[in-house]
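**Q** Okay, so here is target.txt, and as you'll see once you scroll down, it has compact mmCIF, C-alpha atoms and all ligand atoms.
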```
# COMPACT_ATOMS: atom_id res chain seq x y z
CA MET A 26 54.19 8.30 34.87
CA ARG A 27 57.56 10.01 34.93
CA ALA A 28 58.12 12.82 32.38
CA ASP A 29 60.80 15.42 31.75
CA ILE A 30 59.28 18.68 30.62
CA VAL A 31 61.48 21.48 29.31
CA VAL A 32 60.08 24.96 29.96
CA LEU A 33 61.13 27.85 27.71
CA PRO A 34 59.60 30.97 29.31
CA GLY A 35 61.10 33.42 26.80
CA ASP A 36 60.22 37.12 26.93
CA GLY A 37 57.51 39.59 27.96
CA ILE A 38 54.49 37.76 29.34
CA GLY A 39 56.08 34.40 28.41
CA PRO A 40 57.48 33.77 31.93
CA GLU A 41 54.17 34.87 33.51
CA VAL A 42 51.93 32.52 31.52
CA THR A 43 54.33 29.55 31.56
CA ALA A 44 54.57 29.83 35.38
CA ALA A 45 50.77 29.50 35.48
CA ALA A 46 50.80 26.50 33.12
CA VAL A 47 53.56 24.78 35.11
CA ALA A 48 51.57 25.29 38.34
CA VAL A 49 48.62 23.55 36.67
CA LEU A 50 50.82 20.66 35.51
CA ARG A 51 52.22 20.32 39.03
CA GLU A 52 48.68 20.03 40.36
CA ILE A 53 47.88 17.36 37.77
CA ALA A 54 51.03 15.48 38.86
CA ARG A 55 50.01 15.74 42.53
CA CYS A 56 46.40 14.63 41.96
CA PHE A 57 47.22 11.76 39.59
CA ARG A 58 50.51 10.71 41.19
CA HIS A 59 52.74 11.46 38.24
CA ASP A 60 56.35 12.51 38.52
CA PHE A 61 56.87 15.54 36.25
CA GLU A 62 60.34 17.10 36.31
CA PHE A 63 60.60 20.66 34.98
CA ALA A 64 63.80 22.29 33.70
CA SER A 65 63.86 25.88 32.39
CA HIS A 66 66.08 26.94 29.51
CA ASP A 67 66.73 30.19 27.66
CA ILE A 68 65.27 31.16 24.31
CA GLY A 69 64.57 34.41 22.47
CA GLY A 70 65.55 37.81 23.80
CA ALA A 71 66.43 36.40 27.23
CA ALA A 72 68.89 34.04 25.50
CA ILE A 73 70.36 36.86 23.41
CA ASP A 74 70.99 38.83 26.61
CA ARG A 75 72.60 35.87 28.41
CA HIS A 76 74.36 34.03 25.60
CA GLY A 77 74.32 36.30 22.53
CA ASP A 78 72.26 33.62 20.78
CA PRO A 79 68.42 33.32 20.59
CA LEU A 80 68.68 29.50 20.57
CA PRO A 81 71.69 28.25 22.56
CA ALA A 82 72.85 24.69 21.81
CA ALA A 83 72.11 23.73 25.43
CA THR A 84 68.44 24.62 24.88
CA VAL A 85 68.16 22.49 21.74
CA GLY A 86 69.90 19.58 23.47
CA ALA A 87 67.55 19.76 26.46
CA CYS A 88 64.49 19.87 24.17
CA ARG A 89 65.70 16.82 22.24
CA ARG A 90 66.11 14.82 25.46
CA ALA A 91 62.77 15.95 26.93
CA ASP A 92 59.39 14.25 26.74
CA ALA A 93 57.78 17.57 25.84
CA VAL A 94 58.49 21.29 25.62
CA LEU A 95 56.32 24.10 26.98
CA LEU A 96 57.05 27.58 25.62
CA GLY A 97 55.81 31.07 26.51
CA ALA A 98 56.64 33.62 23.81
CA VAL A 99 59.66 35.45 22.44
CA GLY A 100 60.41 38.97 21.26
CA GLY A 101 59.89 42.55 22.31
CA PRO A 102 60.95 46.13 21.60
CA LYS A 103 64.33 45.68 23.32
CA TRP A 104 65.45 43.36 20.49
CA SER A 105 63.44 44.83 17.60
CA ASP A 106 65.93 47.26 16.09
CA PRO A 107 65.55 46.73 12.30
CA GLY A 108 69.35 46.64 12.02
CA ALA A 109 69.81 43.98 14.72
CA LYS A 110 72.02 41.04 13.69
CA VAL A 111 70.02 38.51 15.70
CA ARG A 112 66.37 38.55 16.70
CA PRO A 113 64.48 36.55 19.34
CA GLU A 114 62.03 35.21 16.74
CA GLN A 115 64.90 33.49 14.89
CA GLY A 116 65.38 31.29 17.96
CA LEU A 117 61.80 30.05 17.89
CA LEU A 118 61.80 29.46 14.13
CA ALA A 119 65.07 27.55 14.40
CA LEU A 120 63.75 25.40 17.26
CA ARG A 121 60.61 24.45 15.31
CA ARG A 122 62.80 23.48 12.36
CA GLU A 123 65.41 21.66 14.48
CA LEU A 124 62.72 19.51 16.09
CA GLY A 125 60.94 18.87 12.78
CA LEU A 126 57.67 20.31 14.09
CA TYR A 127 55.93 20.79 10.78
CA ALA A 128 52.31 20.67 11.96
CA ASN A 129 50.98 23.39 14.24
CA LEU A 130 47.53 22.54 15.62
CA ARG A 131 45.51 25.56 16.73
CA PRO A 132 42.05 24.58 18.01
CA VAL A 133 39.41 27.32 18.23
CA ARG A 134 36.40 26.50 20.38
CA PRO A 135 34.83 29.66 21.80
CA HIS A 136 33.53 29.17 25.33
CA PRO A 137 29.93 30.32 25.86
CA ALA A 138 31.04 32.39 28.87
CA THR A 139 33.42 34.51 26.81
CA LEU A 140 31.18 35.13 23.79
CA GLY A 141 30.43 38.61 25.14
CA ALA A 142 34.12 39.50 24.87
CA ALA A 143 34.23 38.67 21.15
CA PRO A 144 33.63 41.47 18.65
CA ILE A 145 31.40 39.13 16.60
CA LYS A 146 27.65 38.64 17.04
CA PRO A 147 27.07 35.79 19.56
CA HIS A 148 24.60 33.90 17.30
CA LEU A 149 27.43 33.41 14.76
CA LEU A 150 29.71 31.94 17.41
CA ALA A 151 27.52 29.34 19.11
CA GLY A 152 28.80 25.85 18.24
CA VAL A 153 32.02 27.00 16.54
CA ASP A 154 34.60 24.21 16.81
CA LEU A 155 37.41 24.40 14.30
CA LEU A 156 41.00 23.29 14.12
CA VAL A 157 43.61 25.14 12.08
CA VAL A 158 46.55 22.98 11.00
CA ARG A 159 49.29 25.42 10.08
CA GLU A 160 52.38 24.27 8.20
CA LEU A 161 55.20 25.37 10.50
CA THR A 162 58.65 24.71 9.06
CA GLY A 163 58.44 25.93 5.47
CA GLY A 164 57.25 28.80 3.34
CA ILE A 165 58.25 32.43 3.41
CA TYR A 166 59.36 32.45 7.08
CA PHE A 167 62.19 30.08 6.16
CA GLY A 168 63.09 31.17 2.62
CA GLU A 169 66.26 32.95 1.62
CA LYS A 170 66.25 36.66 2.48
CA THR A 171 68.09 39.37 0.61
CA ARG A 172 68.54 43.01 1.44
CA SER A 173 70.24 45.92 -0.29
CA VAL A 174 69.90 49.60 0.51
CA ASP A 175 66.67 50.06 -1.38
CA ALA A 176 65.29 46.56 -1.99
CA ALA A 177 64.56 43.37 -0.09
CA SER A 178 63.16 39.92 -0.78
CA ASP A 179 61.88 36.87 1.09
CA LEU A 180 61.63 33.63 -0.84
CA CYS A 181 58.54 31.45 -0.43
CA SER A 182 59.02 27.84 -1.46
CA TYR A 183 57.26 24.54 -0.74
CA SER A 184 58.07 21.02 -1.87
CA THR A 185 55.52 18.31 -2.62
CA PHE A 186 56.82 16.40 0.40
CA GLU A 187 56.24 19.36 2.74
CA VAL A 188 52.67 19.83 1.52
CA GLU A 189 51.85 16.12 1.57
CA ARG A 190 52.90 15.51 5.15
CA VAL A 191 50.94 18.42 6.64
CA VAL A 192 47.82 17.77 4.55
CA ARG A 193 48.01 14.08 5.50
CA ARG A 194 48.20 15.07 9.16
CA ALA A 195 45.21 17.39 8.73
CA CYS A 196 43.23 14.58 7.05
CA MET A 197 43.96 12.19 9.93
CA LEU A 198 42.74 14.82 12.37
CA ALA A 199 39.64 15.51 10.24
CA ARG A 200 38.86 11.77 10.33
CA GLN A 201 38.68 11.96 14.12
CA ARG A 202 36.37 14.99 13.86
CA ARG A 203 33.62 15.81 11.32
CA GLY A 204 35.51 14.69 8.20
CA HIS A 205 35.60 18.09 6.50
CA LEU A 206 38.83 19.74 5.34
CA THR A 207 39.27 23.26 3.99
CA SER A 208 42.60 23.86 2.29
CA VAL A 209 43.49 27.55 2.16
CA ASP A 210 45.83 29.02 -0.46
CA LYS A 211 46.26 31.86 -2.93
CA ALA A 212 46.30 29.66 -6.04
CA ASN A 213 44.98 32.46 -8.25
CA VAL A 214 48.33 34.25 -7.82
CA LEU A 215 51.06 32.17 -6.20
CA GLU A 216 52.91 29.22 -7.76
CA THR A 217 53.50 27.70 -4.31
CA SER A 218 49.74 27.78 -3.79
CA ARG A 219 49.09 26.05 -7.12
CA LEU A 220 51.43 23.25 -6.02
CA TRP A 221 49.71 23.19 -2.61
CA ARG A 222 46.25 22.86 -4.20
CA GLU A 223 47.38 20.16 -6.65
CA VAL A 224 49.03 18.07 -3.94
CA ALA A 225 46.12 18.45 -1.49
CA THR A 226 43.59 17.43 -4.17
CA ARG A 227 45.58 14.33 -5.18
CA LEU A 228 46.37 13.25 -1.63
CA VAL A 229 42.78 13.47 -0.43
CA ARG A 230 41.53 11.66 -3.56
CA ASP A 231 44.07 8.82 -3.25
CA GLU A 232 44.43 8.40 0.52
CA PHE A 233 41.36 9.93 2.17
CA PRO A 234 38.30 9.40 -0.06
CA ASP A 235 36.14 9.65 3.08
CA ILE A 236 37.22 13.27 3.67
CA THR A 237 35.30 16.12 2.04
CA LEU A 238 37.81 18.63 0.70
CA GLU A 239 37.14 22.21 -0.32
CA HIS A 240 39.61 24.85 -1.42
CA GLN A 241 39.36 28.45 -0.32
CA LEU A 242 41.42 31.48 -1.30
CA VAL A 243 43.02 33.08 1.73
CA ASP A 244 41.57 36.55 1.27
CA SER A 245 37.95 35.40 1.17
CA MET A 246 38.77 32.87 3.92
CA ALA A 247 39.66 35.79 6.18
CA MET A 248 36.14 37.10 5.58
CA HIS A 249 34.27 33.78 5.85
CA LEU A 250 36.07 32.94 9.08
CA LEU A 251 34.23 35.85 10.70
CA SER A 252 30.93 35.64 8.82
CA ARG A 253 30.32 31.85 8.98
CA PRO A 254 32.85 30.30 11.40
CA ARG A 255 30.54 27.36 12.15
CA ALA A 256 31.01 26.11 8.57
CA TYR A 257 34.58 24.99 9.25
CA ASP A 258 35.97 21.80 10.75
CA VAL A 259 39.69 21.37 9.92
CA ILE A 260 41.49 24.13 8.02
CA VAL A 261 44.94 23.37 6.61
CA THR A 262 47.19 26.06 5.26
CA GLU A 263 50.75 27.27 4.77
CA ASN A 264 52.88 28.91 7.43
CA MET A 265 52.16 32.62 7.04
CA PHE A 266 48.47 32.28 6.13
CA GLY A 267 47.98 30.08 9.21
CA ASP A 268 49.79 32.56 11.43
CA ILE A 269 47.57 35.42 10.33
CA LEU A 270 44.26 33.53 10.17
CA THR A 271 44.67 32.18 13.70
CA ASP A 272 45.27 35.59 15.24
CA GLU A 273 42.08 36.58 13.47
CA ALA A 274 40.35 33.42 14.75
CA SER A 275 41.27 34.35 18.33
CA MET A 276 38.60 37.04 18.03
CA LEU A 277 36.00 34.28 17.68
CA ALA A 278 37.04 33.12 21.15
CA GLY A 279 37.25 36.65 22.56
CA SER A 280 40.99 37.16 23.18
CA MET A 281 44.45 36.34 21.92
CA GLY A 282 45.13 35.07 25.41
CA LEU A 283 42.74 32.13 25.08
CA LEU A 284 44.11 30.01 22.24
CA PRO A 285 46.60 27.14 22.71
CA SER A 286 48.72 25.32 20.17
CA ALA A 287 50.58 22.06 19.71
CA SER A 288 53.51 21.82 17.30
CA LEU A 289 54.08 18.23 16.26
CA GLY A 290 56.51 16.26 14.15
CA ASP A 291 56.33 12.66 13.05
CA GLY A 292 55.77 9.88 15.53
CA ASP A 293 53.57 11.83 17.93
CA GLY A 294 49.92 11.61 18.88
CA GLY A 295 48.61 12.85 15.54
CA ALA A 296 48.01 9.34 14.24
CA ALA A 297 44.61 7.75 14.46
CA GLU A 298 43.76 6.53 17.92
CA GLY A 299 45.42 3.24 18.82
CA GLN A 300 47.58 3.17 15.69
CA PRO A 301 51.39 3.14 15.69
CA GLY A 302 52.61 6.66 16.29
CA ASP A 303 49.74 7.38 18.65
CA ALA A 304 51.07 8.39 22.07
CA ARG A 305 48.09 6.64 23.63
CA ALA A 306 49.27 3.36 22.14
CA GLY A 307 52.35 3.62 24.33
CA ASP A 308 54.69 4.57 21.48
CA ARG A 309 56.39 7.40 23.37
CA SER A 310 59.94 6.86 22.21
CA THR A 311 59.48 9.05 19.14
CA VAL A 312 57.09 11.60 20.58
CA ILE A 313 58.12 15.16 19.88
CA GLY A 314 55.96 18.11 20.76
CA LEU A 315 56.23 21.79 21.58
CA TYR A 316 53.28 23.53 23.21
CA GLU A 317 52.71 27.26 23.29
CA PRO A 318 49.88 29.76 23.32
CA ILE A 319 49.34 31.38 19.93
CA HIS A 320 49.98 34.89 21.24
CA GLY A 321 53.28 36.75 21.39
CA SER A 322 55.15 38.38 24.26
CA ALA A 323 52.58 41.21 24.64
CA PRO A 324 55.08 43.90 25.63
CA ASP A 325 52.21 46.33 26.26
CA ILE A 326 51.09 44.37 29.35
CA ALA A 327 54.28 42.48 30.33
CA GLY A 328 55.50 42.60 33.93
CA ARG A 329 52.12 43.55 35.39
CA GLY A 330 50.84 40.07 36.25
CA ILE A 331 47.62 40.62 34.28
CA ALA A 332 48.17 38.41 31.21
CA ASN A 333 45.55 35.79 30.45
CA PRO A 334 47.17 32.40 31.20
CA VAL A 335 44.39 30.31 29.61
CA GLY A 336 46.13 29.86 26.23
CA ALA A 337 49.25 28.59 28.03
CA ILE A 338 47.23 26.38 30.39
CA LEU A 339 45.28 24.84 27.50
CA SER A 340 48.62 24.30 25.74
CA ALA A 341 49.68 22.30 28.80
CA ALA A 342 46.51 20.21 28.32
CA LEU A 343 47.56 19.53 24.72
CA LEU A 344 50.99 18.51 26.03
CA LEU A 345 49.37 15.97 28.36
CA ARG A 346 47.28 14.61 25.48
CA HIS A 347 49.71 14.55 22.55
CA SER A 348 53.13 14.02 24.13
CA LEU A 349 52.33 12.10 27.32
CA GLY A 350 49.21 10.23 26.19
CA LEU A 351 47.36 11.38 29.34
CA GLU A 352 43.92 11.98 27.86
CA ALA A 353 41.99 11.92 31.16
CA GLU A 354 44.38 14.45 32.71
CA ALA A 355 44.13 16.68 29.63
CA LEU A 356 40.34 16.63 29.94
CA HIS A 357 40.62 17.54 33.63
CA VAL A 358 42.59 20.66 32.72
CA GLU A 359 40.15 21.62 29.94
CA THR A 360 37.14 21.05 32.17
CA ALA A 361 38.69 23.11 34.97
CA VAL A 362 39.41 25.98 32.56
CA ALA A 363 35.80 25.85 31.29
CA ALA A 364 34.49 25.87 34.88
CA THR A 365 36.72 28.84 35.72
CA LEU A 366 35.35 30.82 32.78
CA GLU A 367 31.78 29.76 33.63
CA ALA A 368 32.37 31.15 37.13
CA GLY A 369 33.15 34.52 35.50
CA ILE A 370 36.80 34.51 36.57
CA PHE A 371 38.20 36.62 33.74
CA SER A 372 41.52 38.36 33.19
CA ALA A 373 41.50 41.98 32.01
CA ASP A 374 41.56 41.19 28.28
CA LEU A 375 38.11 39.57 28.66
CA MET A 376 36.81 42.19 31.05
CA PRO A 377 37.79 45.74 30.21
CA GLU A 378 35.66 47.12 33.05
CA GLY A 379 35.32 46.04 36.67
CA ARG A 380 37.69 44.01 38.83
CA ALA A 381 39.43 41.48 36.61
CA ALA A 382 41.38 38.51 37.96
CA ASP A 383 45.14 38.65 37.61
CA THR A 384 47.22 35.87 36.03
CA ASP A 385 47.78 34.00 39.30
CA GLU A 386 44.15 34.25 40.34
CA VAL A 387 43.01 32.64 37.08
CA ALA A 388 45.61 29.88 37.47
CA ASP A 389 44.64 29.32 41.14
CA ALA A 390 40.98 29.03 40.14
CA VAL A 391 41.86 26.37 37.56
CA ILE A 392 44.02 24.51 40.09
CA GLU A 393 41.27 24.55 42.73
CA ARG A 394 38.83 23.04 40.23
CA ILE A 395 41.31 20.31 39.22
CA ALA A 396 41.85 19.45 42.88
CA ALA A 397 38.10 19.36 43.58
CA ALA A 398 37.32 17.18 40.56
CA SER A 399 40.17 14.75 41.26
CA ARG A 400 38.67 14.06 44.71
CA VAL A 401 35.57 12.59 42.98
CA PRO A 402 36.53 8.89 42.59
CA GLU A 403 34.75 8.18 39.30
CA LEU A 404 36.49 11.09 37.59
CA ARG A 405 39.86 9.54 38.43
CA ASP A 406 39.20 6.40 36.34
N1 LIG B 1 55.22 32.55 19.46
C1 LIG B 1 55.84 33.68 19.77
O1 LIG B 1 56.76 33.69 20.54
C2 LIG B 1 55.34 34.94 19.17
C3 LIG B 1 56.05 36.08 19.37
N2 LIG B 1 55.59 37.27 18.90
C4 LIG B 1 56.38 38.45 19.24
O2 LIG B 1 55.70 39.14 20.31
C5 LIG B 1 55.98 40.53 20.23
C6 LIG B 1 54.71 41.32 20.32
O3 LIG B 1 53.92 41.08 19.17
P1 LIG B 1 52.43 41.61 18.98
O4 LIG B 1 52.22 41.81 17.54
O5 LIG B 1 52.17 42.73 19.91
O6 LIG B 1 51.49 40.37 19.36
P2 LIG B 1 51.06 39.80 20.78
O7 LIG B 1 50.35 38.53 20.54
O8 LIG B 1 52.19 39.76 21.71
O9 LIG B 1 49.99 40.89 21.34
C7 LIG B 1 48.88 41.35 20.58
C8 LIG B 1 47.84 41.95 21.54
O10 LIG B 1 47.20 40.91 22.27
C9 LIG B 1 47.37 41.08 23.65
N3 LIG B 1 47.65 39.78 24.27
C10 LIG B 1 48.45 38.81 23.76
N4 LIG B 1 48.52 37.78 24.61
C11 LIG B 1 47.75 38.10 25.67
C12 LIG B 1 47.43 37.43 26.88
N5 LIG B 1 47.91 36.20 27.18
N6 LIG B 1 46.62 38.07 27.76
C13 LIG B 1 46.11 39.27 27.48
N7 LIG B 1 46.37 39.95 26.36
C14 LIG B 1 47.20 39.37 25.46
C15 LIG B 1 48.57 42.03 23.80
O11 LIG B 1 48.51 42.73 25.03
C16 LIG B 1 48.45 42.89 22.57
O12 LIG B 1 47.57 43.97 22.81
C17 LIG B 1 56.76 40.72 18.92
O13 LIG B 1 58.13 40.82 19.25
C18 LIG B 1 56.49 39.47 18.14
O14 LIG B 1 57.51 39.11 17.24
C19 LIG B 1 54.41 37.36 18.23
C20 LIG B 1 53.68 36.24 18.00
C21 LIG B 1 54.10 34.92 18.39
C1 LIG B 2 58.05 33.32 14.89
C2 LIG B 2 56.78 33.83 15.49
C3 LIG B 2 57.00 35.21 15.99
C4 LIG B 2 55.65 33.68 14.53
C5 LIG B 2 54.27 33.79 15.09
O1 LIG B 2 53.68 34.84 15.14
C6 LIG B 2 53.58 32.60 15.56
O2 LIG B 2 54.11 31.51 15.53
O3 LIG B 2 52.40 32.72 15.94
MG MG B 3 51.54 34.55 15.28
```
In structure tokens, what does this structure look like?

**A**
Amino acid sequence: MRADIVVLPGDGIGPEVTAAAVAVLREIARCFRHDFEFASHDIGGAAIDRHGDPLPAATVGACRRADAVLLGAVGGPKWSDPGAKVRPEQGLLALRRELGLYANLRPVRPHPATLGAAPIKPHLLAGVDLLVVRELTGGIYFGEKTRSVDAASDLCSYSTFEVERVVRRACMLARQRRGHLTSVDKANVLETSRLWREVATRLVRDEFPDITLEHQLVDSMAMHLLSRPRAYDVIVTENMFGDILTDEASMLAGSMGLLPSASLGDGDGGAAEGQPGDARAGDRSTVIGLYEPIHGSAPDIAGRGIANPVGAILSAALLLRHSLGLEAEALHVETAVAATLEAGIFSADLMPEGRAADTDEVADAVIERIAAASRVPELRD
């Protein structure tokens, strides 16, 4: 297969972890005889420095023409002056909106080898396998902002349409998993949450009677996520709640550096397998996807070559699956990451003491395992 992949390294550890993920994709291309072309473009602080704009038009144009987009992270202290006219994060928000990427899939599946790095008791973590579907192009991150000398406001609004499409997507994903959906809101206080709850209830009743739906308030959800994480299958929630809950959920896995994400619009691989809109059904003309680890630019460790590249590498696996329809190749990447962790090859975030592997060593270990597995004929089929 031939595919054009746009790479947006961004800021801080973004370039370090995307380089690792691209190296893994190159190995997949070599082993499976694909032709992946990579083109890097500016976003975030790097784009402000070069173009005075966190999302140059050339970057948007390249993303629109690409088969998929791989992103590192944006932001950092250099661009964080509260009085700054433009901020790196605006570039990422605008790109998600421009590409219509309303569903952000954040799978959380702690690996047995990294349970020791998590601050939660291991017996609570065994068997955890959840998927957070975060609404990504609405809510308070996109509402009108006002600011005077001594007051400020951020508007949070959601339309029925915005809630329906992301809950529908979450239901389709739940159907391919254990059929359980938890919708998270703050309906005891917020009007947007009351709309969210109403729409989710109606949609599941009318379109997905096979899905078990429960509602959970976001504050107690934050607690239950740590005390009984195994109870959850698919969790769907609005933009800011999903942002916060998934950083919290990274502690189930052991590090912020471990979790990947896929941001999808309509017409991508989120449909049921083999149905129109499923990338695996060959319907690639409308596939849109942006893949990034859930973490930020980690300025505290940037430039030292020690960032954990696993979240970015697993994001590349999601890219293979959702945008390119290459399920076997995606599984190869995921299996190689699991084998690397099983071999105890940990970056410093997972191993505060002793000799940790650096970013490149983790990536090389994954690449070696992909190469070894792809030499076994039956695994190639
Ligand atoms: N998608 C994006 O581009 C995001 C950007 N940001 C931006 O990143 C900047 C820093 O934000 P923070 O709140 O510090 O969050 P962060 O996610 O960058 O870092 C939080 C903590 O996790 C650690 N960490 C994160 N990724 C890691 C990795 N791959 N390996 C090892 N350790 C890792 C960091 O060293 C830090 O101690 C801000 O400018 C923020 O706006 C934050 C979140 C998402
Ligand atoms: C715009 C980003 C900085 C928001 C964020 O933290 C995320 O998407 O995880
Ligand atoms: Mg975040």

**Q** Using 9 Å as the limit and counting only C-alpha atoms and all ligand atoms, can you tabulate each residue of chain A that touches ligand LIG 2 (chain B), with its shortest atom-to-atom distance in Å and the two atoms involved, as CSV?

**A**
```
residue,atom,partner,partner_atom,distance
A:Ala98,CA,B:LIG2,C3,8.0
A:Val99,CA,B:LIG2,C3,7.0
A:Gly100,CA,B:LIG2,C3,7.3
A:Pro113,CA,B:LIG2,C3,8.3
A:Glu114,CA,B:LIG2,C1,4.8
A:Gln115,CA,B:LIG2,C1,6.9
A:Gly116,CA,B:LIG2,C1,8.2
A:Leu117,CA,B:LIG2,C1,5.8
A:Leu118,CA,B:LIG2,C1,5.4
A:Asn129,CA,B:LIG2,O2,8.8
A:Leu161,CA,B:LIG2,O2,8.0
A:Tyr166,CA,B:LIG2,C1,8.0
A:Asn264,CA,B:LIG2,O2,8.6
A:Met265,CA,B:LIG2,C4,8.3
A:Gly267,CA,B:LIG2,O3,8.5
A:Asp268,CA,B:LIG2,O3,5.2
A:Ile269,CA,B:LIG2,O1,7.8
A:Thr271,CA,B:LIG2,O3,8.1
A:Asp272,CA,B:LIG2,O3,7.7
A:Glu317,CA,B:LIG2,O2,9.0
A:Pro318,CA,B:LIG2,O3,8.3
A:Ile319,CA,B:LIG2,O3,5.2
A:His320,CA,B:LIG2,O3,6.2
A:Gly321,CA,B:LIG2,O1,6.5
```

**Q** Which one of A:Ser173, A:Ser372, A:Thr139, A:Thr365 sits closest to Ile392 in chain A if you count only C-alpha atoms?

**A**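 For Ile392 in chain A, the nearest of the candidates is A:Thr365.
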
**Q** Could you jot down the CA of Glu160 in chain A to CA of Arg346 in chain A separation for me, Å, one decimal place?

**A** 20.4 Å

**Q** I want to know what sits within 9 Å of range 31-36 of chain A, based on only C-alpha atoms, with residues of the same chain fewer than 2 positions away left out; could you give that as a PDB file with C-alpha atoms, keeping the file's coordinate frame?

**A**
```
ATOM      1  CA  ASP A  29      60.800  15.420  31.750  1.00  0.00           C
ATOM      2  CA  ILE A  38      54.490  37.760  29.340  1.00  0.00           C
ATOM      3  CA  GLY A  39      56.080  34.400  28.410  1.00  0.00           C
ATOM      4  CA  PRO A  40      57.480  33.770  31.930  1.00  0.00           C
ATOM      5  CA  GLU A  41      54.170  34.870  33.510  1.00  0.00           C
ATOM      6  CA  VAL A  42      51.930  32.520  31.520  1.00  0.00           C
ATOM      7  CA  THR A  43      54.330  29.550  31.560  1.00  0.00           C
ATOM      8  CA  ALA A  44      54.570  29.830  35.380  1.00  0.00           C
ATOM      9  CA  VAL A  47      53.560  24.780  35.110  1.00  0.00           C
ATOM     10  CA  GLU A  62      60.340  17.100  36.310  1.00  0.00           C
ATOM     11  CA  PHE A  63      60.600  20.660  34.980  1.00  0.00           C
ATOM     12  CA  ALA A  64      63.800  22.290  33.700  1.00  0.00           C
ATOM     13  CA  SER A  65      63.860  25.880  32.390  1.00  0.00           C
ATOM     14  CA  HIS A  66      66.080  26.940  29.510  1.00  0.00           C
ATOM     15  CA  ASP A  67      66.730  30.190  27.660  1.00  0.00           C
ATOM     16  CA  ILE A  68      65.270  31.160  24.310  1.00  0.00           C
ATOM     17  CA  GLY A  69      64.570  34.410  22.470  1.00  0.00           C
ATOM     18  CA  GLY A  70      65.550  37.810  23.800  1.00  0.00           C
ATOM     19  CA  ALA A  71      66.430  36.400  27.230  1.00  0.00           C
ATOM     20  CA  ALA A  72      68.890  34.040  25.500  1.00  0.00           C
ATOM     21  CA  THR A  84      68.440  24.620  24.880  1.00  0.00           C
ATOM     22  CA  ALA A  87      67.550  19.760  26.460  1.00  0.00           C
ATOM     23  CA  CYS A  88      64.490  19.870  24.170  1.00  0.00           C
ATOM     24  CA  ARG A  90      66.110  14.820  25.460  1.00  0.00           C
ATOM     25  CA  ALA A  91      62.770  15.950  26.930  1.00  0.00           C
ATOM     26  CA  ASP A  92      59.390  14.250  26.740  1.00  0.00           C
ATOM     27  CA  ALA A  93      57.780  17.570  25.840  1.00  0.00           C
ATOM     28  CA  VAL A  94      58.490  21.290  25.620  1.00  0.00           C
ATOM     29  CA  LEU A  95      56.320  24.100  26.980  1.00  0.00           C
ATOM     30  CA  LEU A  96      57.050  27.580  25.620  1.00  0.00           C
ATOM     31  CA  GLY A  97      55.810  31.070  26.510  1.00  0.00           C
ATOM     32  CA  ALA A  98      56.640  33.620  23.810  1.00  0.00           C
ATOM     33  CA  VAL A  99      59.660  35.450  22.440  1.00  0.00           C
ATOM     34  CA  GLY A 100      60.410  38.970  21.260  1.00  0.00           C
ATOM     35  CA  GLY A 101      59.890  42.550  22.310  1.00  0.00           C
ATOM     36  CA  PRO A 113      64.480  36.550  19.340  1.00  0.00           C
ATOM     37  CA  GLY A 321      53.280  36.750  21.390  1.00  0.00           C
ATOM     38  CA  SER A 322      55.150  38.380  24.260  1.00  0.00           C
ATOM     39  CA  ALA A 323      52.580  41.210  24.640  1.00  0.00           C
ATOM     40  CA  PRO A 324      55.080  43.900  25.630  1.00  0.00           C
ATOM     41  CA  ALA A 327      54.280  42.480  30.330  1.00  0.00           C
TER      42      ALA A 327
END
```

**Q** Can you measure CA of Thr262 in chain A to CA of Glu187 in chain A for me? One decimal in Å is fine.

**A**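 These two atoms are separated by 11.5 Å.
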
**Q** Using all atoms listed in the file, which residue out of A:Val153, A:Leu120, A:Ile326, A:Ala353 lies closest to Pro135 in chain A?

**A**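 That would be A:Val153, the residue with the smallest distance to Pro135 in chain A.
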
**Q** Between A:Val243, A:Cys196, A:Ala364, A:Leu344, which one has atoms that come closest to Asp258 in chain A, using only C-alpha atoms?

**A** A:Cys196

**Q** For Ala274 in chain A, work out the shell of residues within 8 Å, counting only C-alpha atoms and skipping chain neighbours fewer than 3 positions away, then give it as a list in words.

**A**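 Counting only C-alpha atoms, the residues come to Val133, Leu250, Leu251, Leu270, Thr271, Leu277 and Ala278 of chain A.
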
**Q** At most 7 Å from (69.5, 31.7, 17.7), file frame, all atoms listed in the file: which residues, as a list in words?

**A**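 Counting all atoms listed in the file, I find these residues within 7 Å of (69.5, 31.7, 17.7): Asp78, Pro79, Leu80, Pro81, Gln115, Gly116 and Ala119 of chain A.
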
**Q** Restricting it to C-alpha atoms, dump the selection as a PDB file, in the coordinates of the input.

**A**
```
ATOM      1  CA  ASP A  78      72.260  33.620  20.780  1.00  0.00           C
ATOM      2  CA  PRO A  79      68.420  33.320  20.590  1.00  0.00           C
ATOM      3  CA  LEU A  80      68.680  29.500  20.570  1.00  0.00           C
ATOM      4  CA  PRO A  81      71.690  28.250  22.560  1.00  0.00           C
ATOM      5  CA  GLN A 115      64.900  33.490  14.890  1.00  0.00           C
ATOM      6  CA  GLY A 116      65.380  31.290  17.960  1.00  0.00           C
ATOM      7  CA  ALA A 119      65.070  27.550  14.400  1.00  0.00           C
TER       8      ALA A 119
END
```

**Q** Excluding Pro137 in chain A and any residue of its chain fewer than 4 positions from it, enumerate the residues within 10 Å of it, using all atoms listed in the file, and give them as a ChimeraX atom specification.

**A** /A:141,147,150-152,278,363,366-367

**Q** Near Tyr316 in chain A, counting only C-alpha atoms, which residues have an atom at most 6 Å away, once you skip same-chain residues fewer than 3 positions from it, shown as a short mmCIF file (atom, residue, chain, number, x, y, z; two decimals) with C-alpha atoms, keeping the file's coordinate frame?

**A**
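Writing the result to result-v6.cif gives the following:
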```
data_model
loop_
_atom_site.label_atom_id
_atom_site.label_comp_id
_atom_site.auth_asym_id
_atom_site.auth_seq_id
_atom_site.Cartn_x
_atom_site.Cartn_y
_atom_site.Cartn_z
CA LEU A 95 56.32 24.10 26.98
CA SER A 286 48.72 25.32 20.17
CA ALA A 287 50.58 22.06 19.71
CA SER A 340 48.62 24.30 25.74
#
```
